[in-house]
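Visitor: Below is work_25.tsv; it holds TSV, C-alpha atoms.
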```tsv
chain	number	residue	atom	x	y	z
S	14	MET	CA	34.41	31.55	41.48
S	15	ARG	CA	33.65	32.66	45.03
S	16	VAL	CA	29.91	32.52	45.69
S	17	ASP	CA	28.52	35.41	47.71
S	18	LEU	CA	24.83	34.87	48.38
S	19	LYS	CA	23.44	38.36	48.14
S	20	GLY	CA	21.49	40.57	45.77
S	21	LEU	CA	19.33	39.38	42.90
S	22	ILE	CA	19.65	35.83	41.59
S	23	VAL	CA	17.44	34.96	38.63
S	24	PRO	CA	15.77	31.56	38.16
S	25	LEU	CA	16.10	31.43	34.40
S	26	ILE	CA	13.26	30.83	31.98
S	27	THR	CA	14.14	28.04	29.55
S	28	PRO	CA	13.51	29.30	26.00
S	29	PHE	CA	11.99	26.83	23.55
S	30	GLN	CA	11.34	26.83	19.82
S	31	ASP	CA	7.75	26.45	18.64
S	32	ASP	CA	8.26	22.68	18.51
S	33	GLU	CA	9.35	22.76	22.20
S	34	SER	CA	13.01	22.06	21.40
S	35	LEU	CA	15.65	24.03	23.29
S	36	ASP	CA	16.40	27.50	21.91
S	37	GLU	CA	20.07	27.93	22.83
S	38	GLU	CA	20.57	31.24	21.06
S	39	THR	CA	17.77	32.92	23.01
S	40	LEU	CA	19.03	31.38	26.25
S	41	ARG	CA	22.41	33.00	25.63
S	42	ARG	CA	20.79	36.33	24.90
S	43	LEU	CA	18.72	36.08	28.08
S	44	CYS	CA	21.80	35.39	30.20
S	45	THR	CA	23.64	38.40	28.81
S	46	ARG	CA	20.58	40.64	29.15
S	47	LEU	CA	20.30	39.79	32.85
S	48	ILE	CA	24.00	40.17	33.56
S	49	VAL	CA	24.07	43.58	31.88
S	50	ALA	CA	21.07	44.60	34.02
S	51	GLY	CA	23.13	43.93	37.15
S	52	VAL	CA	21.86	40.64	38.56
S	53	GLU	CA	24.28	38.79	40.82
S	54	GLY	CA	23.61	35.21	39.81
S	55	LEU	CA	21.94	32.93	37.26
S	56	PHE	CA	19.94	29.90	38.37
S	57	PRO	CA	19.09	27.55	35.48
S	58	ILE	CA	17.01	24.38	35.76
S	59	GLY	CA	14.69	25.65	38.47
S	60	SER	CA	10.90	25.68	38.50
S	61	THR	CA	10.79	28.79	36.29
S	62	GLY	CA	13.06	26.88	33.92
S	63	GLU	CA	10.56	23.98	33.79
S	64	PHE	CA	13.04	21.50	35.29
S	65	TYR	CA	10.19	19.02	35.71
S	66	ALA	CA	9.74	18.91	31.91
S	67	LEU	CA	13.41	18.62	30.91
S	68	ARG	CA	15.17	15.50	29.66
S	69	HIS	CA	18.45	14.59	31.29
S	70	ALA	CA	20.49	15.58	28.23
S	71	GLU	CA	18.65	18.91	28.05
S	72	ARG	CA	19.53	19.70	31.66
S	73	GLN	CA	23.18	19.15	30.88
S	74	ARG	CA	23.04	21.22	27.72
S	75	ILE	CA	21.25	24.12	29.41
S	76	LEU	CA	23.84	24.20	32.17
S	77	LYS	CA	26.71	24.12	29.67
S	78	VAL	CA	25.21	27.02	27.71
S	79	VAL	CA	24.59	29.16	30.79
S	80	ILE	CA	28.08	28.55	32.19
S	81	ASP	CA	29.63	29.32	28.83
S	82	GLU	CA	27.62	32.50	28.32
S	83	SER	CA	28.17	33.79	31.85
S	84	ARG	CA	31.94	33.70	31.24
S	85	GLY	CA	32.65	34.13	34.92
S	86	ARG	CA	30.81	37.44	35.10
S	87	VAL	CA	28.34	36.09	37.67
S	88	PRO	CA	28.09	32.74	39.46
S	89	VAL	CA	25.89	29.99	38.05
S	90	PHE	CA	23.64	28.17	40.53
S	91	ALA	CA	22.69	24.83	38.98
S	92	GLY	CA	19.31	23.33	39.79
S	93	VAL	CA	19.72	19.73	40.94
S	94	SER	CA	16.24	19.01	42.29
S	95	ALA	CA	14.97	15.42	42.26
S	96	ILE	CA	12.49	13.26	44.14
S	97	ASP	CA	15.17	10.93	45.45
S	98	THR	CA	18.56	11.60	47.01
S	99	GLY	CA	20.50	9.42	44.57
S	100	MET	CA	19.33	11.37	41.53
S	101	ALA	CA	19.99	14.70	43.25
S	102	ILE	CA	23.53	13.52	43.97
S	103	GLU	CA	23.96	12.49	40.33
S	104	PHE	CA	22.80	15.91	39.14
S	105	THR	CA	25.13	17.57	41.67
S	106	ARG	CA	28.17	15.64	40.47
S	107	GLU	CA	27.35	16.53	36.88
S	108	ALA	CA	26.98	20.20	37.79
S	109	GLU	CA	30.38	20.20	39.47
S	110	ASP	CA	31.97	18.45	36.48
S	111	LEU	CA	30.45	20.99	34.10
S	112	GLY	CA	31.76	23.95	36.08
S	113	ALA	CA	28.78	25.27	38.05
S	114	ASP	CA	29.59	27.54	40.98
S	115	ALA	CA	26.92	26.19	43.34
S	116	VAL	CA	23.86	23.92	43.37
S	117	VAL	CA	20.27	24.49	44.43
S	118	ALA	CA	18.16	21.53	45.55
S	119	LEU	CA	14.44	21.49	46.25
S	120	THR	CA	13.22	19.32	49.09
S	121	PRO	CA	12.25	15.86	47.76
S	122	PHE	CA	8.71	16.23	46.44
S	123	TYR	CA	5.70	13.92	46.13
S	124	ILE	CA	6.90	11.52	48.86
S	125	GLN	CA	6.67	14.12	51.69
S	126	PRO	CA	9.75	13.20	53.77
S	127	ASN	CA	9.95	14.04	57.48
S	128	GLN	CA	12.43	16.52	58.97
S	129	GLU	CA	15.09	13.90	59.70
S	130	GLU	CA	14.88	12.63	56.14
S	131	ILE	CA	15.12	16.18	54.81
S	132	TYR	CA	18.24	16.76	56.89
S	133	TRP	CA	19.92	13.59	55.64
S	134	HIS	CA	18.93	14.34	52.04
S	135	PHE	CA	20.80	17.64	52.09
S	136	ARG	CA	23.64	16.23	54.16
S	137	ALA	CA	24.17	13.51	51.53
S	138	ILE	CA	24.34	16.17	48.80
S	139	VAL	CA	26.77	18.27	50.82
S	140	GLU	CA	29.03	15.26	51.45
S	141	THR	CA	29.22	14.39	47.76
S	142	THR	CA	30.44	17.75	46.45
S	143	SER	CA	32.85	20.57	47.13
S	144	LEU	CA	30.36	23.06	45.70
S	145	PRO	CA	28.28	25.35	47.91
S	146	VAL	CA	24.83	23.82	48.45
S	147	ILE	CA	21.62	25.85	48.73
S	148	ALA	CA	18.32	24.36	49.88
S	149	TYR	CA	15.07	25.37	48.20
S	150	ASN	CA	11.96	25.43	50.39
S	151	ASN	CA	8.61	25.62	48.57
S	152	PRO	CA	5.99	23.87	50.72
S	153	LYS	CA	2.98	25.04	48.74
S	154	ARG	CA	4.28	23.01	45.81
S	155	THR	CA	6.00	20.09	47.55
S	156	TYR	CA	3.81	19.86	50.69
S	157	VAL	CA	7.08	19.63	52.64
S	158	ASN	CA	8.48	22.45	54.78
S	159	ILE	CA	12.04	22.88	56.06
S	160	GLU	CA	11.47	23.73	59.71
S	161	PRO	CA	13.71	26.37	61.33
S	162	GLU	CA	15.35	23.79	63.61
S	163	THR	CA	16.25	21.68	60.58
S	164	LEU	CA	17.79	24.68	58.85
S	165	ALA	CA	19.82	25.38	61.99
S	166	ARG	CA	21.25	21.84	61.79
S	167	LEU	CA	21.96	22.17	58.09
S	168	SER	CA	23.75	25.48	58.62
S	169	LEU	CA	26.43	23.63	60.60
S	170	LEU	CA	27.43	21.55	57.57
S	171	PRO	CA	30.67	22.79	55.97
S	172	ASN	CA	29.51	23.80	52.49
S	173	PHE	CA	25.81	24.28	53.14
S	174	VAL	CA	25.58	28.01	52.44
S	175	GLY	CA	21.95	29.03	52.34
S	176	ILE	CA	18.27	28.56	51.65
S	177	LYS	CA	15.88	29.95	49.09
S	178	ASP	CA	12.67	30.24	51.09
S	179	SER	CA	9.51	30.38	49.01
S	180	SER	CA	7.08	29.55	51.80
S	181	GLY	CA	5.76	33.10	51.95
S	182	ASN	CA	5.84	32.80	55.76
S	183	LEU	CA	7.61	35.87	57.13
S	184	SER	CA	7.37	34.61	60.71
S	185	GLN	CA	9.24	31.47	59.74
S	186	LEU	CA	11.71	33.58	57.78
S	187	ALA	CA	12.48	35.53	60.94
S	188	GLU	CA	13.05	32.23	62.77
S	189	TYR	CA	15.40	31.11	60.02
S	190	LEU	CA	17.43	34.27	60.46
S	191	GLN	CA	17.54	33.84	64.22
S	192	LEU	CA	18.35	30.14	64.41
S	193	ALA	CA	20.81	30.08	61.49
S	194	ASN	CA	22.58	32.94	63.28
S	195	GLY	CA	24.76	33.81	60.32
S	196	GLY	CA	25.69	30.19	59.63
S	197	CYS	CA	24.06	30.40	56.21
S	198	SER	CA	22.40	33.01	54.00
S	199	ILE	CA	18.63	33.39	53.69
S	200	LEU	CA	17.19	34.32	50.29
S	201	GLN	CA	13.57	35.30	49.66
S	202	GLY	CA	11.97	33.31	46.84
S	203	GLN	CA	8.64	35.16	46.82
S	204	ASP	CA	8.79	38.08	44.41
S	205	ALA	CA	6.08	40.00	46.31
S	206	LEU	CA	7.86	39.81	49.67
S	207	LEU	CA	11.41	40.91	48.95
S	208	PHE	CA	11.12	44.42	50.42
S	209	ASP	CA	9.73	43.16	53.72
S	210	SER	CA	12.28	40.35	53.81
S	211	LEU	CA	15.18	42.75	53.27
S	212	ALA	CA	13.87	44.70	56.24
S	213	LEU	CA	14.07	41.49	58.29
S	214	GLY	CA	17.66	40.92	57.21
S	215	VAL	CA	17.73	38.49	54.29
S	216	SER	CA	20.72	38.56	51.96
S	217	GLY	CA	18.75	38.91	48.74
S	218	GLY	CA	16.15	37.32	46.54
S	219	VAL	CA	15.62	34.69	43.85
S	220	LEU	CA	12.92	36.30	41.72
S	221	ALA	CA	11.28	34.83	38.62
S	222	THR	CA	9.89	38.24	37.63
S	223	ALA	CA	13.47	39.43	37.13
S	224	ASN	CA	13.41	37.59	33.78
S	225	ILE	CA	10.83	40.14	32.64
S	226	ALA	CA	11.92	43.24	34.52
S	227	PRO	CA	15.52	42.79	35.68
S	228	GLU	CA	16.15	46.51	36.09
S	229	VAL	CA	13.11	46.81	38.38
S	230	ALA	CA	14.19	43.84	40.49
S	231	VAL	CA	17.79	45.02	40.76
S	232	GLY	CA	16.53	48.53	41.54
S	233	LEU	CA	14.41	47.23	44.41
S	234	TYR	CA	17.48	45.70	46.04
S	235	SER	CA	19.95	48.49	45.29
S	236	SER	CA	17.52	51.22	46.40
S	237	PHE	CA	16.95	49.40	49.67
S	238	LEU	CA	20.69	49.19	50.32
S	239	ALA	CA	21.05	52.89	49.50
S	240	GLY	CA	18.34	53.78	52.00
S	241	ASP	CA	15.87	54.98	49.37
S	242	MET	CA	12.84	53.19	50.78
S	243	GLU	CA	10.29	54.90	48.55
S	244	ALA	CA	12.08	53.86	45.36
S	245	SER	CA	12.45	50.34	46.73
S	246	LYS	CA	8.75	50.15	47.62
S	247	GLU	CA	7.78	51.42	44.18
S	248	ALA	CA	9.87	48.73	42.52
S	249	GLN	CA	8.24	46.16	44.81
S	250	ARG	CA	4.76	47.35	43.77
S	251	LYS	CA	5.65	46.75	40.13
S	252	LEU	CA	6.87	43.23	40.84
S	253	VAL	CA	3.64	42.52	42.73
S	254	VAL	CA	1.69	43.31	39.55
S	255	LEU	CA	3.79	40.82	37.56
S	256	ARG	CA	3.58	38.25	40.31
S	257	ASN	CA	-0.20	38.50	40.60
S	258	ALA	CA	-0.58	38.04	36.85
S	259	ILE	CA	0.69	34.48	37.20
S	260	GLN	CA	-2.83	33.47	38.22
S	261	LEU	CA	-4.03	34.00	34.65
S	262	ALA	CA	-2.66	30.67	33.44
S	263	THR	CA	-0.75	27.51	34.25
S	264	PHE	CA	2.79	28.31	35.34
S	265	PRO	CA	5.03	29.46	33.64
S	266	VAL	CA	2.85	30.47	30.67
S	267	VAL	CA	2.32	34.02	31.94
S	268	PHE	CA	6.02	34.75	32.33
S	269	LYS	CA	6.74	33.48	28.82
S	270	GLU	CA	3.90	35.46	27.28
S	271	ALA	CA	5.01	38.57	29.15
S	272	MET	CA	8.52	38.15	27.73
S	273	SER	CA	7.05	38.13	24.24
S	274	MET	CA	5.03	41.26	24.96
S	275	ILE	CA	8.10	43.23	26.01
S	276	GLY	CA	9.91	42.23	22.83
S	277	PHE	CA	12.00	39.32	24.08
S	278	PRO	CA	10.16	36.16	22.96
S	279	VAL	CA	11.25	32.92	24.64
S	280	GLY	CA	8.79	30.53	23.04
S	281	PRO	CA	6.04	28.42	24.60
S	282	ALA	CA	5.86	26.57	27.88
S	283	ARG	CA	6.01	22.82	27.49
S	284	ARG	CA	2.75	20.95	27.40
S	285	PRO	CA	0.38	20.30	29.00
S	286	ALA	CA	0.59	24.05	29.69
S	287	THR	CA	-1.15	26.00	26.92
S	288	PRO	CA	-1.10	29.67	25.82
S	289	LEU	CA	-3.40	32.35	27.20
S	290	ASP	CA	-6.70	33.00	25.49
S	291	GLU	CA	-7.25	36.46	24.01
S	292	GLN	CA	-9.12	37.84	27.02
S	293	LYS	CA	-6.44	36.83	29.50
S	294	ARG	CA	-3.69	37.94	27.14
S	295	GLU	CA	-5.25	41.40	27.09
S	296	GLU	CA	-5.42	41.40	30.91
S	297	LEU	CA	-1.74	40.57	31.02
S	298	ARG	CA	-0.91	43.27	28.48
S	299	ARG	CA	-2.75	45.90	30.50
S	300	SER	CA	-0.88	44.83	33.65
S	301	ILE	CA	2.46	45.18	31.90
S	302	GLU	CA	1.47	48.53	30.43
S	303	GLY	CA	0.37	49.72	33.85
S	304	ILE	CA	3.86	49.31	35.31
S	305	GLY	CA	5.61	50.97	32.40
S	306	LEU	CA	7.11	47.94	30.67
S	307	LEU	CA	5.15	48.74	27.49
S	308	GLN	CA	4.59	52.11	25.92
S	309	SER	CA	0.86	52.76	25.73
S	310	SER	CA	-1.51	55.69	25.87
S	311	GLU	CA	-3.66	53.56	28.17
S	312	CYS	CA	-1.07	53.42	30.95
S	313	ASP	CA	-2.37	54.80	34.22
S	314	ASP	CA	-1.37	55.24	37.84
S	315	SER	CA	-3.12	52.09	39.07
S	316	VAL	CA	0.13	50.57	40.32
S	317	SER	CA	0.45	53.19	43.02
S	318	SER	CA	-2.64	51.80	44.73
S	319	ILE	CA	-1.24	48.27	45.02
S	320	PRO	CA	0.35	47.50	48.40
S	321	TYR	CA	3.98	46.50	48.26
S	322	MET	CA	3.33	43.33	50.29
S	323	ALA	CA	0.94	40.88	48.63
S	324	GLU	CA	-0.57	37.72	50.02
S	325	SER	CA	1.60	34.75	49.17
S	326	SER	CA	0.28	32.22	46.70
S	327	GLY	CA	3.28	29.88	46.65
S	328	ASP	CA	6.51	30.42	44.75
S	329	LEU	CA	7.24	28.77	41.45
S	330	SER	CA	10.71	29.91	40.61
```
Can you present the structure in this file as structure tokens?

Guide:
Amino acid sequence: MRVDLKGLIVPLITPFQDDESLDEETLRRLCTRLIVAGVEGLFPIGSTGEFYALRHAERQRILKVVIDESRGRVPVFAGVSAIDTGMAIEFTREAEDLGADAVVALTPFYIQPNQEEIYWHFRAIVETTSLPVIAYNNPKRTYVNIEPETLARLSLLPNFVGIKDSSGNLSQLAEYLQLANGGCSILQGQDALLFDSLALGVSGGVLATANIAPEVAVGLYSSFLAGDMEASKEAQRKLVVLRNAIQLATFPVVFKEAMSMIGFPVGPARRPATPLDEQKREELRRSIEGIGLLQSSECDDSVSSIPYMAESSGDLS
């Protein structure tokens, strides 16, 4: 499948049973729900999918299920993130063998590589596959940033096609757009900053909140393209509410509890993450009600007072 990096790509939640085993049936239902809502790509085995807590065999199984359920309707962007280059290459080869349409790789984390090492990490991945390769920049989690000059070098590689930038730094995003000069696509990874990033010229977004409210996320993008800025801003305000709620618990507990509240349970997050207590669960419920995702007599107009651009707190998707 031809991969066109634009629109809404969803970093998939990984559904689990109560015993933390993989829930394949719900994963299939989630994929179809998102495709029907109009998203333009599925990204399994990312941070939202708890890649850090998955066994090797589970990663393979998740990817097989998502590829099978997508049935060519949208491209599948396989997460291949690893601390070391060798493991990332192994994951990339497996993704290609299983039929993924592209791969997404986080910068090596924990060891804090320098810019030259980051460049050679991605170059090694690119040289080992015919798949399109997308870098994932999330410095507030990895303590490593892909500098604009490094992205410019990467954009010259033959099948390096883009970056998911979750830095929350719009100034750097503008530099990415300038220095890449069309050599690769730039995707916003911060849910709260998509509207502003589209105004700067990004191709689309990779939004974790789209698991919960795919129609809202797709509407933000499509309204922007149609020139309906007010509708796009309103959709952005709603996503800001969901994004801010993440602070109620250890990631990705809030997203999973929100899915249950809207009638699409996806099970628990893997330990050590634990469920919300009753007080925080009620806070989350009120937030969801306030943006119209639940029917409640207590819904109010509080969303309209929330600015469409929120302060970044580091992406997790």

Visitor: Could you tell me how far atom CA of Leu183 of chain S lies from atom CA of Thr155 of chain S, in Å and to one decimal?

Guide: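 Answer for the atom CA of Leu183 of chain S to atom CA of Thr155 of chain S separation: 18.5 Å.
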
Visitor: Please determine, counting all atoms listed in the file, which residue among S:Arg250, S:Arg106, S:Arg136, S:Arg46 has the shortest atom-to-atom distance to Val229 of chain S.

Guide: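 Under the stated criterion, the closest residue is S:Arg250.
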
Visitor: Could you produce a table of the residues of segment 119-174 of chain S lying within 12 Å of segment 51-70 of chain S, with the nearest pair of atoms per residue and their separation in Å rounded to one decimal, using all atoms listed in the file, ordered by chain and increasing residue number, as JSON lines?

Guide:
```
{"residue": "S:Leu119", "atom": "CA", "partner": "S:Gly59", "partner_atom": "CA", "distance": 8.8}
{"residue": "S:Phe122", "atom": "CA", "partner": "S:Tyr65", "partner_atom": "CA", "distance": 11.2}
{"residue": "S:Ile147", "atom": "CA", "partner": "S:Phe56", "partner_atom": "CA", "distance": 11.2}
{"residue": "S:Tyr149", "atom": "CA", "partner": "S:Gly59", "partner_atom": "CA", "distance": 9.7}
{"residue": "S:Asn150", "atom": "CA", "partner": "S:Ser60", "partner_atom": "CA", "distance": 11.9}
{"residue": "S:Asn151", "atom": "CA", "partner": "S:Ser60", "partner_atom": "CA", "distance": 10.3}
{"residue": "S:Arg154", "atom": "CA", "partner": "S:Ser60", "partner_atom": "CA", "distance": 10.2}
{"residue": "S:Thr155", "atom": "CA", "partner": "S:Ser60", "partner_atom": "CA", "distance": 11.7}
```

Visitor: Show me, as a ChimeraX atom specification, the residues that have an atom within 8 Å of Ile275 of chain S when counting all atoms listed in the file, minus same-chain residues fewer than 5 positions from it.

Guide: /S:225,306-307

Visitor: Got a sec: who's within 12 Å of Tyr156 of chain S, counting only C-alpha atoms, leaving out chain neighbours fewer than 2 positions off, as a ChimeraX atom specification?

Guide: /S:119-127,150-154,158-159,180,327

Visitor: So that each row is one residue of segment 85-136 of chain S with an atom at most 10 Å from segment 15-29 of chain S, can you give its shortest atom pair and the distance in Å to one decimal, using only C-alpha atoms, rows by chain and rising number, as JSON lines?

Guide:
```
{"residue": "S:Val87", "atom": "CA", "partner": "S:Val16", "partner_atom": "CA", "distance": 8.9}
{"residue": "S:Pro88", "atom": "CA", "partner": "S:Val16", "partner_atom": "CA", "distance": 6.5}
{"residue": "S:Val89", "atom": "CA", "partner": "S:Val16", "partner_atom": "CA", "distance": 9.0}
{"residue": "S:Phe90", "atom": "CA", "partner": "S:Ile22", "partner_atom": "CA", "distance": 8.7}
{"residue": "S:Ala91", "atom": "CA", "partner": "S:Pro24", "partner_atom": "CA", "distance": 9.7}
{"residue": "S:Gly92", "atom": "CA", "partner": "S:Pro24", "partner_atom": "CA", "distance": 9.1}
{"residue": "S:Asp114", "atom": "CA", "partner": "S:Val16", "partner_atom": "CA", "distance": 6.9}
{"residue": "S:Ala115", "atom": "CA", "partner": "S:Val16", "partner_atom": "CA", "distance": 7.4}
```

Visitor: In Å, rounded to a single decimal, give me how far atom CA of Ala244 of chain S is from atom CA of Thr222 of chain S.

Guide: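 These atoms are spaced 17.6 Å apart.
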
Visitor: Could you jot down the atom CA of Thr45 of chain S to atom CA of Asp110 of chain S separation for me, Å, one decimal place?

Guide: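 Rounded to one decimal, the two atoms are 22.9 Å apart.
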
Visitor: Measuring atom to atom with all atoms listed in the file, identify which of S:Glu129, S:Gly202, S:Ile304, S:Val219 is nearest to Glu247 of chain S.

Guide: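 Under the stated criterion, the closest residue is S:Ile304.
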
Visitor: Using all atoms listed in the file, find each residue of segment 207-290 of chain S with at least one atom at most 10 Å away from an atom of segment 30-34 of chain S; report its shortest atom-to-atom pair and that distance in Å (one decimal), sort the rows by chain and rising residue number, and return the result as a Markdown table.

Guide:
```
| residue | atom | partner | partner_atom | distance |
| --- | --- | --- | --- | --- |
| S:Pro278 | CA | S:Gln30 | CA | 9.9 |
| S:Val279 | CA | S:Gln30 | CA | 7.8 |
| S:Gly280 | CA | S:Gln30 | CA | 5.5 |
| S:Pro281 | CA | S:Asp31 | CA | 6.5 |
| S:Ala282 | CA | S:Glu33 | CA | 7.7 |
| S:Arg283 | CA | S:Glu33 | CA | 6.3 |
| S:Arg284 | CA | S:Glu33 | CA | 8.6 |
```

Visitor: Pick from S:Leu252, S:Val157, S:Leu169, S:Ile80: nearest to Ala223 of chain S, with only C-alpha atoms counted?

Guide: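 Distance minimum relative to Ala223 of chain S lands on S:Leu252.
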